[in-house]
>>> print(open('entry.pdb').read())   # PDB, C-alpha atoms and all ligand atoms
ATOM      1  CA  MET A  30     -11.524  16.761   2.058
ATOM      2  CA  GLY A  31      -9.455  18.155   4.824
ATOM      3  CA  ALA A  32      -6.806  20.760   4.970
ATOM      4  CA  HIS A  33      -4.066  18.571   3.673
ATOM      5  CA  LYS A  34      -2.350  19.573   0.541
ATOM      6  CA  SER A  35      -2.775  17.603  -2.607
ATOM      7  CA  ILE A  36       0.185  17.360  -4.866
ATOM      8  CA  SER A  37       0.411  15.602  -8.135
ATOM      9  CA  ASN A  38       3.483  13.467  -8.268
ATOM     10  CA  PRO A  39       5.977  12.955  -5.458
ATOM     11  CA  GLY A  40       8.806  11.780  -7.609
ATOM     12  CA  LEU A  41       7.130   8.681  -8.877
ATOM     13  CA  ARG A  42       7.541   7.975 -12.508
ATOM     14  CA  LEU A  43       3.934   8.018 -13.388
ATOM     15  CA  PRO A  44       3.074   8.035 -17.046
ATOM     16  CA  ALA A  45       1.422  10.824 -18.884
ATOM     17  CA  PRO A  46      -1.173  11.025 -20.180
ATOM     18  CA  PRO A  47      -3.302   8.735 -18.052
ATOM     19  CA  ARG A  48      -4.845   5.817 -19.779
ATOM     20  CA  ALA A  49      -8.560   5.447 -19.702
ATOM     21  CA  HIS A  50      -8.803   2.633 -17.219
ATOM     22  CA  SER A  51      -8.560   2.279 -13.514
ATOM     23  CA  ARG A  52      -7.925  -1.322 -12.848
ATOM     24  CA  ALA A  53      -5.193  -2.740 -10.751
ATOM     25  CA  ASP A  54      -2.384  -4.405 -12.529
ATOM     26  CA  GLY A  55      -1.315  -7.966 -12.640
ATOM     27  CA  VAL A  56      -4.899  -8.874 -12.190
ATOM     28  CA  GLY A  57      -5.514 -12.468 -11.402
ATOM     29  CA  ARG A  58      -1.970 -13.611 -11.872
ATOM     30  CA  ARG A  59      -0.686 -16.134  -9.449
ATOM     31  CA  MET A  60       2.555 -17.810  -8.692
ATOM     32  CA  ARG A  61       3.843 -20.490  -6.383
ATOM     33  CA  LEU A  62       6.207 -19.716  -3.578
ATOM     34  CA  PRO A  63       8.956 -22.210  -2.779
ATOM     35  CA  ASN A  64       7.256 -23.712   0.239
ATOM     36  CA  GLN A  65       4.176 -24.648  -1.745
ATOM     37  CA  ALA A  66       2.182 -21.912  -0.077
ATOM     38  CA  GLN A  67      -0.884 -20.816  -1.816
ATOM     39  CA  SER A  68       0.153 -17.501  -3.137
ATOM     40  CA  HIS A  69      -2.435 -14.910  -3.645
ATOM     41  CA  ARG A  70      -1.441 -11.374  -3.775
ATOM     42  CA  ALA A  71      -2.362  -7.879  -4.398
ATOM     43  CA  ARG A  72      -0.150  -5.676  -6.328
ATOM     44  CA  ALA A  73       0.554  -2.162  -7.269
ATOM     45  CA  ARG A  74       1.909  -1.166 -10.568
ATOM     46  CA  LEU A  75       2.309   2.386  -9.548
ATOM     47  CA  ARG A  76       3.719   3.671 -12.764
ATOM     48  CA  LYS A  77       0.530   2.786 -14.546
ATOM     49  CA  LEU A  78      -1.838   3.917 -11.881
ATOM     50  CA  ALA A  79      -2.435   7.383 -13.233
ATOM     51  CA  ALA A  80      -5.813   6.295 -14.392
ATOM     52  CA  SER A  81      -8.769   8.484 -14.866
ATOM     53  CA  MET A  82     -10.644   7.476 -11.753
ATOM     54  CA  GLY A  83      -8.638   9.275  -9.112
ATOM     55  CA  LEU A  84      -8.337  12.414 -11.167
ATOM     56  CA  VAL A  85     -12.050  12.580 -11.720
ATOM     57  CA  VAL A  86     -12.810  12.121  -8.052
ATOM     58  CA  VAL A  87     -10.384  14.827  -7.051
ATOM     59  CA  VAL A  88     -12.068  17.321  -9.301
ATOM     60  CA  LEU A  89     -15.436  16.540  -7.824
ATOM     61  CA  LEU A  90     -14.198  16.805  -4.271
ATOM     62  CA  ASN A  91     -12.569  20.115  -4.910
ATOM     63  CA  THR A  92     -15.691  21.594  -6.383
ATOM     64  CA  GLY A  93     -17.987  20.129  -3.809
ATOM     65  CA  ALA A  94     -20.133  18.566  -6.469
ATOM     66  CA  SER A  95     -22.346  15.776  -5.292
ATOM     67  CA  PRO A  96     -22.219  12.417  -6.922
ATOM     68  CA  THR A  97     -24.681  12.152  -9.749
ATOM     69  CA  GLU A  98     -25.312   8.890 -11.445
ATOM     70  CA  GLY A  99     -23.966   9.066 -14.906
ATOM     71  CA  ALA A 100     -22.473  12.495 -14.512
ATOM     72  CA  ILE A 101     -19.030  11.128 -15.119
ATOM     73  CA  PRO A 102     -18.976   7.767 -16.815
ATOM     74  CA  GLY A 103     -17.055   5.281 -14.742
ATOM     75  CA  ALA A 104     -16.665   7.339 -11.602
ATOM     76  CA  TRP A 105     -19.713   5.938  -9.850
ATOM     77  CA  THR A 106     -19.191   2.359 -10.813
ATOM     78  CA  THR A 107     -16.411   2.087  -8.240
ATOM     79  CA  HIS A 108     -17.466  -0.134  -5.368
ATOM     80  CA  PHE A 109     -15.520  -2.089  -2.813
ATOM     81  CA  VAL A 110     -16.949  -5.020  -0.932
ATOM     82  CA  ASP A 111     -15.845  -7.209   1.939
ATOM     83  CA  ASN A 112     -15.245 -10.746   0.754
ATOM     84  CA  GLY A 113     -14.780 -11.997   4.296
ATOM     85  CA  GLY A 114     -11.140 -13.065   4.236
ATOM     86  CA  PRO A 115      -8.617 -12.020   6.857
ATOM     87  CA  VAL A 116      -7.780  -8.378   7.475
ATOM     88  CA  LEU A 117      -5.082  -6.974   9.731
ATOM     89  CA  ARG A 118      -7.333  -5.237  12.165
ATOM     90  CA  THR A 119      -4.458  -4.207  14.426
ATOM     91  CA  ALA A 120      -1.443  -4.438  12.154
ATOM     92  CA  GLN A 121       1.947  -4.769  13.806
ATOM     93  CA  VAL A 122       4.541  -3.544  11.340
ATOM     94  CA  TYR A 123       8.252  -4.277  11.099
ATOM     95  CA  LEU A 124      10.297  -2.387   8.560
ATOM     96  CA  LEU A 125      13.236  -4.221   7.028
ATOM     97  CA  TYR A 126      15.641  -2.348   4.795
ATOM     98  CA  TRP A 127      17.047  -4.959   2.511
ATOM     99  CA  GLY A 128      20.647  -4.895   1.484
ATOM    100  CA  SER A 129      24.101  -3.582   1.981
ATOM    101  CA  HIS A 130      23.312  -0.590  -0.184
ATOM    102  CA  TRP A 131      21.496   0.979   2.709
ATOM    103  CA  PRO A 132      24.234   1.763   5.228
ATOM    104  CA  ALA A 133      26.140   3.947   2.801
ATOM    105  CA  THR A 134      23.803   6.678   3.760
ATOM    106  CA  GLY A 135      26.152   9.601   4.085
ATOM    107  CA  ALA A 136      24.868  11.197   0.928
ATOM    108  CA  TYR A 137      22.041   8.795   0.340
ATOM    109  CA  VAL A 138      18.562  10.215   0.465
ATOM    110  CA  PRO A 139      16.245   9.074   1.792
ATOM    111  CA  THR A 140      17.973   7.292   4.623
ATOM    112  CA  PRO A 141      16.351   4.420   6.511
ATOM    113  CA  HIS A 142      16.089   6.751   9.468
ATOM    114  CA  GLN A 143      14.137   9.270   7.421
ATOM    115  CA  ILE A 144      11.793   6.673   5.999
ATOM    116  CA  THR A 145      11.198   5.067   9.368
ATOM    117  CA  ALA A 146      10.485   8.435  10.975
ATOM    118  CA  ALA A 147       8.036   9.305   8.209
ATOM    119  CA  PHE A 148       6.393   5.899   8.487
ATOM    120  CA  GLN A 149       6.017   6.364  12.217
ATOM    121  CA  THR A 150       4.407   9.750  11.623
ATOM    122  CA  LEU A 151       2.117   8.176   9.054
ATOM    123  CA  VAL A 152       0.795   5.383  11.272
ATOM    124  CA  ALA A 153       0.538   7.601  14.340
ATOM    125  CA  GLY A 154      -1.503  10.197  12.507
ATOM    126  CA  PRO A 155      -5.064  10.184  11.229
ATOM    127  CA  TYR A 156      -4.293   8.684   7.831
ATOM    128  CA  LEU A 157      -5.422   5.151   8.677
ATOM    129  CA  SER A 158      -8.539   6.274  10.525
ATOM    130  CA  GLY A 159     -10.593   5.907   7.368
ATOM    131  CA  LEU A 160     -10.070   2.151   7.454
ATOM    132  CA  ALA A 161     -12.421   1.844  10.418
ATOM    133  CA  GLN A 162     -15.273   1.641   7.925
ATOM    134  CA  TYR A 163     -13.868  -1.684   6.797
ATOM    135  CA  ARG A 164     -14.561  -4.116   9.631
ATOM    136  CA  ASP A 165     -13.540  -1.602  12.286
ATOM    137  CA  ILE A 166      -9.862  -1.780  11.404
ATOM    138  CA  ARG A 167      -7.680   0.060  13.888
ATOM    139  CA  PRO A 168      -4.538   2.062  13.125
ATOM    140  CA  ALA A 169      -1.342   0.104  12.623
ATOM    141  CA  VAL A 170       1.540   0.128  15.058
ATOM    142  CA  LEU A 171       5.190   0.307  14.045
ATOM    143  CA  ARG A 172       6.986  -2.337  16.119
ATOM    144  CA  GLY A 173      10.468  -2.148  14.770
ATOM    145  CA  SER A 174      12.844  -1.129  12.030
ATOM    146  CA  THR A 175      16.094  -2.734  11.004
ATOM    147  CA  VAL A 176      18.663  -2.486   8.264
ATOM    148  CA  VAL A 177      19.692  -5.928   7.033
ATOM    149  CA  THR A 178      23.141  -5.795   5.495
ATOM    150  CA  THR A 179      23.823  -9.523   5.513
ATOM    151  CA  SER A 180      21.714 -10.020   2.423
ATOM    152  CA  ARG A 181      22.090  -8.164  -0.800
ATOM    153  CA  ALA A 182      18.983  -7.300  -2.726
ATOM    154  CA  HIS A 183      19.140  -7.759  -6.451
ATOM    155  CA  SER A 184      17.120  -6.394  -9.294
ATOM    156  CA  GLY A 185      14.698  -8.859 -10.706
ATOM    157  CA  PHE A 186      13.575 -10.039  -7.285
ATOM    158  CA  ASP A 187      10.122 -11.451  -6.915
ATOM    159  CA  ASP A 188       7.797 -12.336  -4.079
ATOM    160  CA  ALA A 189       9.524 -15.670  -3.592
ATOM    161  CA  ASP A 190      12.836 -13.872  -3.067
ATOM    162  CA  VAL A 191      11.246 -11.585  -0.510
ATOM    163  CA  SER A 192       9.778 -14.555   1.313
ATOM    164  CA  GLU A 193      13.154 -16.312   1.358
ATOM    165  CA  PHE A 194      14.770 -13.148   2.660
ATOM    166  CA  LEU A 195      12.172 -12.977   5.408
ATOM    167  CA  ASN A 196      12.625 -16.615   6.311
ATOM    168  CA  VAL A 197      16.327 -16.058   6.874
ATOM    169  CA  GLN A 198      15.643 -13.035   9.059
ATOM    170  CA  LEU A 199      13.012 -14.914  11.045
ATOM    171  CA  ASP A 200      15.365 -17.872  11.523
ATOM    172  CA  ALA A 201      18.130 -15.540  12.675
ATOM    173  CA  GLY A 202      15.863 -13.670  15.034
ATOM    174  CA  VAL A 203      16.459 -10.376  13.267
ATOM    175  CA  VAL A 204      12.726  -9.831  13.514
ATOM    176  CA  PRO A 205      10.323 -11.693  15.763
ATOM    177  CA  GLY A 206       7.809 -14.126  14.391
ATOM    178  CA  PRO A 207       4.177 -13.198  13.999
ATOM    179  CA  ASP A 208       2.233 -12.218  17.062
ATOM    180  CA  PRO A 209      -0.291 -14.763  18.390
ATOM    181  CA  ALA A 210      -3.155 -13.117  16.531
ATOM    182  CA  ASN A 211      -1.013 -12.919  13.398
ATOM    183  CA  GLN A 212      -1.501  -9.234  12.832
ATOM    184  CA  THR A 213       2.147  -8.851  11.917
ATOM    185  CA  LEU A 214       3.135  -7.255   8.646
ATOM    186  CA  TYR A 215       6.754  -7.428   7.505
ATOM    187  CA  PHE A 216       7.482  -4.485   5.277
ATOM    188  CA  VAL A 217      10.589  -4.776   3.119
ATOM    189  CA  ILE A 218      12.037  -1.611   1.648
ATOM    190  CA  LEU A 219      14.514  -1.850  -1.170
ATOM    191  CA  PRO A 220      17.319   0.559  -1.917
ATOM    192  CA  VAL A 221      17.151   2.840  -4.885
ATOM    193  CA  GLY A 222      18.134   1.194  -8.122
ATOM    194  CA  ILE A 223      16.789  -2.247  -7.210
ATOM    195  CA  SER A 224      13.687  -3.128  -9.149
ATOM    196  CA  ALA A 225      11.317  -6.039  -9.168
ATOM    197  CA  GLY A 226      11.284  -8.721 -11.808
ATOM    198  CA  GLY A 227       9.349 -11.884 -12.208
ATOM    199  CA  TYR A 228       5.855 -11.213 -13.324
ATOM    200  CA  ARG A 229       5.815  -7.599 -12.238
ATOM    201  CA  PRO A 230       8.974  -5.871 -13.340
ATOM    202  CA  LYS A 231       7.200  -2.539 -13.581
ATOM    203  CA  PHE A 232       5.787  -2.653 -10.098
ATOM    204  CA  ASP A 233       7.182  -0.404  -7.400
ATOM    205  CA  GLY A 234       5.363  -2.125  -4.595
ATOM    206  CA  GLY A 235       3.447  -5.216  -3.760
ATOM    207  CA  HIS A 236       2.201  -7.334  -0.941
ATOM    208  CA  ASP A 237       1.639 -11.003  -0.447
ATOM    209  CA  TYR A 238       1.824 -13.811   2.059
ATOM    210  CA  TYR A 239       3.389 -17.206   2.344
ATOM    211  CA  THR A 240       3.156 -20.049   4.802
ATOM    212  CA  ARG A 241       5.986 -20.790   7.184
ATOM    213  CA  ARG A 242       5.702 -23.587   9.690
ATOM    214  CA  GLY A 243       1.975 -23.454   9.446
ATOM    215  CA  GLN A 244       1.788 -19.705   9.921
ATOM    216  CA  ARG A 245       0.885 -17.208   7.299
ATOM    217  CA  ILE A 246       3.563 -14.578   6.925
ATOM    218  CA  HIS A 247       2.125 -11.338   5.608
ATOM    219  CA  PHE A 248       4.549  -9.070   3.881
ATOM    220  CA  ALA A 249       4.769  -6.030   1.674
ATOM    221  CA  TRP A 250       7.631  -4.598  -0.275
ATOM    222  CA  ALA A 251       8.409  -1.205  -1.690
ATOM    223  CA  ALA A 252      11.026  -0.448  -4.278
ATOM    224  CA  ASP A 253      12.041   2.701  -6.067
ATOM    225  CA  SER A 254      12.574   4.603  -2.850
ATOM    226  CA  GLY A 255      14.590   7.269  -4.585
ATOM    227  CA  SER A 256      12.892  10.085  -2.749
ATOM    228  CA  LEU A 257      11.309  10.295   0.650
ATOM    229  CA  ASP A 258       7.949  11.287  -0.805
ATOM    230  CA  GLY A 259       8.072   8.446  -3.279
ATOM    231  CA  ALA A 260       9.035   5.948  -0.598
ATOM    232  CA  THR A 261       6.218   6.958   1.721
ATOM    233  CA  TRP A 262       3.716   7.144  -1.115
ATOM    234  CA  ILE A 263       4.433   3.572  -2.117
ATOM    235  CA  ALA A 264       4.588   2.439   1.492
ATOM    236  CA  SER A 265       1.232   4.012   2.309
ATOM    237  CA  HIS A 266      -0.349   2.390  -0.729
ATOM    238  CA  GLU A 267       0.890  -1.060   0.211
ATOM    239  CA  LEU A 268       0.160  -0.520   3.881
ATOM    240  CA  VAL A 269      -3.534   0.203   3.466
ATOM    241  CA  GLU A 270      -3.901  -2.654   0.997
ATOM    242  CA  SER A 271      -1.992  -5.096   3.185
ATOM    243  CA  ILE A 272      -4.206  -4.166   6.104
ATOM    244  CA  THR A 273      -7.503  -4.438   4.258
ATOM    245  CA  ASP A 274      -6.596  -7.365   2.041
ATOM    246  CA  PRO A 275      -3.511  -9.241   3.263
ATOM    247  CA  GLU A 276      -4.406 -12.454   1.469
ATOM    248  CA  GLY A 277      -6.413 -11.229  -1.486
ATOM    249  CA  THR A 278      -9.699 -12.340   0.014
ATOM    250  CA  ALA A 279     -11.051  -9.350   1.931
ATOM    251  CA  ILE A 280     -11.724  -5.777   0.787
ATOM    252  CA  LEU A 281     -11.712  -5.829  -2.981
ATOM    253  CA  GLY A 282     -13.200  -3.909  -5.833
ATOM    254  CA  ALA A 283     -16.492  -5.232  -7.086
ATOM    255  CA  SER A 284     -17.253  -5.536 -10.735
ATOM    256  CA  PRO A 285     -16.947  -3.381 -12.735
ATOM    257  CA  THR A 286     -14.597  -1.383 -10.513
ATOM    258  CA  CYS A 287     -11.514  -3.149 -11.717
ATOM    259  CA  GLU A 288     -12.611  -4.043 -15.225
ATOM    260  CA  GLN A 289     -11.639  -7.307 -16.817
ATOM    261  CA  SER A 290     -10.342  -9.766 -14.273
ATOM    262  CA  GLY A 291     -11.859  -7.919 -11.371
ATOM    263  CA  TRP A 292      -8.924  -7.545  -9.062
ATOM    264  CA  CYS A 293      -8.134  -4.295  -7.339
ATOM    265  CA  GLU A 294      -7.626  -3.029  -3.832
ATOM    266  CA  ILE A 295      -8.466   0.242  -2.183
ATOM    267  CA  ALA A 296      -5.429   2.247  -3.267
ATOM    268  CA  ASP A 297      -5.429   0.962  -6.810
ATOM    269  CA  VAL A 298      -8.216   3.262  -7.917
ATOM    270  CA  CYS A 299      -6.692   6.351  -6.300
ATOM    271  CA  THR A 300      -3.809   8.106  -7.962
ATOM    272  CA  ASP A 301      -3.654  11.373  -6.101
ATOM    273  CA  THR A 302      -1.311  12.214  -3.295
ATOM    274  CA  SER A 303      -1.904  13.984  -0.029
ATOM    275  CA  THR A 304       0.511  15.312   2.521
ATOM    276  CA  ILE A 305      -0.378  14.650   6.132
ATOM    277  CA  ASN A 306       1.893  15.891   8.882
ATOM    278  CA  GLY A 307       4.536  16.406   6.227
ATOM    279  CA  VAL A 308       4.359  12.861   4.900
ATOM    280  CA  ALA A 309       3.316  12.178   1.313
ATOM    281  CA  VAL A 310       0.678   9.467   1.181
ATOM    282  CA  SER A 311      -1.500   7.793  -1.386
ATOM    283  CA  ASN A 312      -5.209   8.382  -1.129
ATOM    284  CA  TYR A 313      -7.357   5.291  -0.845
ATOM    285  CA  TRP A 314     -10.918   4.418  -1.611
ATOM    286  CA  SER A 315     -13.551   5.107   0.996
ATOM    287  CA  GLU A 316     -16.686   3.179   0.185
ATOM    288  CA  ARG A 317     -18.553   5.276   2.698
ATOM    289  CA  ALA A 318     -17.460   8.558   1.142
ATOM    290  CA  ARG A 319     -17.595   7.096  -2.350
ATOM    291  CA  ALA A 320     -14.330   8.843  -3.009
ATOM    292  CA  CYS A 321     -10.597   8.619  -2.669
ATOM    293  CA  VAL A 322      -9.602   9.956   0.721
ATOM    294  CA  ALA A 323      -6.595  10.562   2.932
ATOM    295  CA  PRO A 324      -8.034  11.438   6.330
ATOM    296  CA  ASP A 325      -6.230  14.221   8.095
ATOM    297  CA  LEU A 326      -6.977  15.571  11.514
ATOM    298  CA  ALA A 327      -9.466  18.124  10.228
ATOM    299  CA  SER A 328     -11.496  15.597   8.278
ATOM    300  CA  THR A 329     -11.386  13.132  11.160
ATOM    301  CA  ILE A 330     -12.798  15.648  13.579
ATOM    302  CA  ARG A 331     -15.422  16.782  11.119
ATOM    303  CA  ARG A 332     -16.546  13.238  10.504
ATOM    304  CA  GLY A 333     -16.772  12.631  14.225
ATOM    305  CA  ASP A 334     -18.972  15.679  14.641
ATOM    306  CA  GLU A 335     -21.444  14.249  12.227
ATOM    307  CA  GLY A 336     -22.227  11.391  14.547
ATOM    308  CA  PRO A 337     -22.617   7.785  13.498
TER     309      PRO A 337
HETATM  310 ZN    ZN B 401      -2.290  -1.673  -4.877
END
>>> encode(input="entry.pdb", output="structure tokens", more="lines below")
Ligand SMILES: [Zn+2]
Amino acid sequence: MGAHKSISNPGLRLPAPPRAHSRADGVGRRMRLPNQAQSHRARARLRKLAASMGLVVVVLLNTGASPTEGAIPGAWTTHFVDNGGPVLRTAQVYLLYWGSHWPATGAYVPTPHQITAAFQTLVAGPYLSGLAQYRDIRPAVLRGSTVVTTSRAHSGFDDADVSEFLNVQLDAGVVPGPDPANQTLYFVILPVGISAGGYRPKFDGGHDYYTRRGQRIHFAWAADSGSLDGATWIASHELVESITDPEGTAILGASPTCEQSGWCEIADVCTDTSTINGVAVSNYWSERARACVAPDLASTIRRGDEGP
């Protein structure tokens, strides 16, 4: 690990004690979006992610123990494989703060400005450098940030609502359409107090895509942004998963990583938090390191020194 600080819980309402599983949630569930798009999504049910896997890995990293088959049941059955679907190799991110709750930011923390600044720090730093192991993915770029007050977010929203919201913003030119290579990721951030419904009412974040005029629109959303650390933790989780698996067909856990239905993405098996350049982020699975990681500058340099 690097010099970044690990903290346990940045304001997220994670359950205690952890349950003895590490799978992603909402596994295998599908829904139809209004435009008949094939909908295939990854999802984070962050409140139930305090599974044993991440905690076990952290202990091993801190003690410098080397992986030993069978030393810790379950820990070394985690594997992620590339299923060949699209990835966002050079993600172009637009942040959209959804709803008229947001401008009343006098006493509201975190403000969109704070979240955007933290997000910018996150993508500009070394955090995403660990994704290069997955098809040579490059760091994301933050292209824009806007507060949308013409639409009011409501609790109980689902992916179809987010896609409709995005369609309106795209039609109105609030955000540009996807870039020619379709590396664009629209990231919708909801105000505190607005929670998801549909088939994932306990999720604080998710990502998905839909088809608009023949183009696939990749999007993520993050709710429960009641603290800056919580907002960036959720955002980082969805960001790395959107990048490595925007359509549910790319970097995924291999059996038995996810148990049961076999659906999980690289942040779903990592529950610990790191702070990089002052920004709280979720660790994510490094298949190369066989561990949950959050690359900081120190670990990036060290890895580079080791050669290929
Ligand atoms: Zn996830």
>>> axis_aligned_box(input="entry.pdb", around="region 230-236 of chain A", padding_each_side="3 Å", output="AutoDock Vina command-line options")
--center_x 5.6 --center_y -3.9 --center_z -7.3 --size_x 12.8 --size_y 12.9 --size_z 18.6
>>> residues_around(input="entry.pdb", residues="Gly128 (chain A)", least_positions_apart="4", cutoff="12 Å", atoms="all atoms listed in the file", output="list in words")
Pro132, Ala133, Pro141, Thr175, Val176, Val177, Thr178, Thr179, Ser180, Arg181, Ala182, His183, Ser184, Val191, Phe194, Val217, Ile218, Leu219, Pro220, Val221, Gly222 and Ile223 of chain A
>>> residues_around(input="entry.pdb", residues="region 259-268 of chain A", least_positions_apart="2", cutoff="7 Å", atoms="all atoms listed in the file", output="MDAnalysis selection string")
chainID A and resid 39:41 148 234:236 249 251 254:257 270:272 296 308:311
>>> closest_residue(input="entry.pdb", among="A:Thr150, A:Arg164, A:Arg317, A:Leu326", to="Ala279 (chain A)", atoms="only C-alpha atoms")
A:Arg164
>>> atom_distance(input="entry.pdb", atom1="CA of Glu294 (chain A)", atom2="CA of Leu281 (chain A)")
5.0 Å
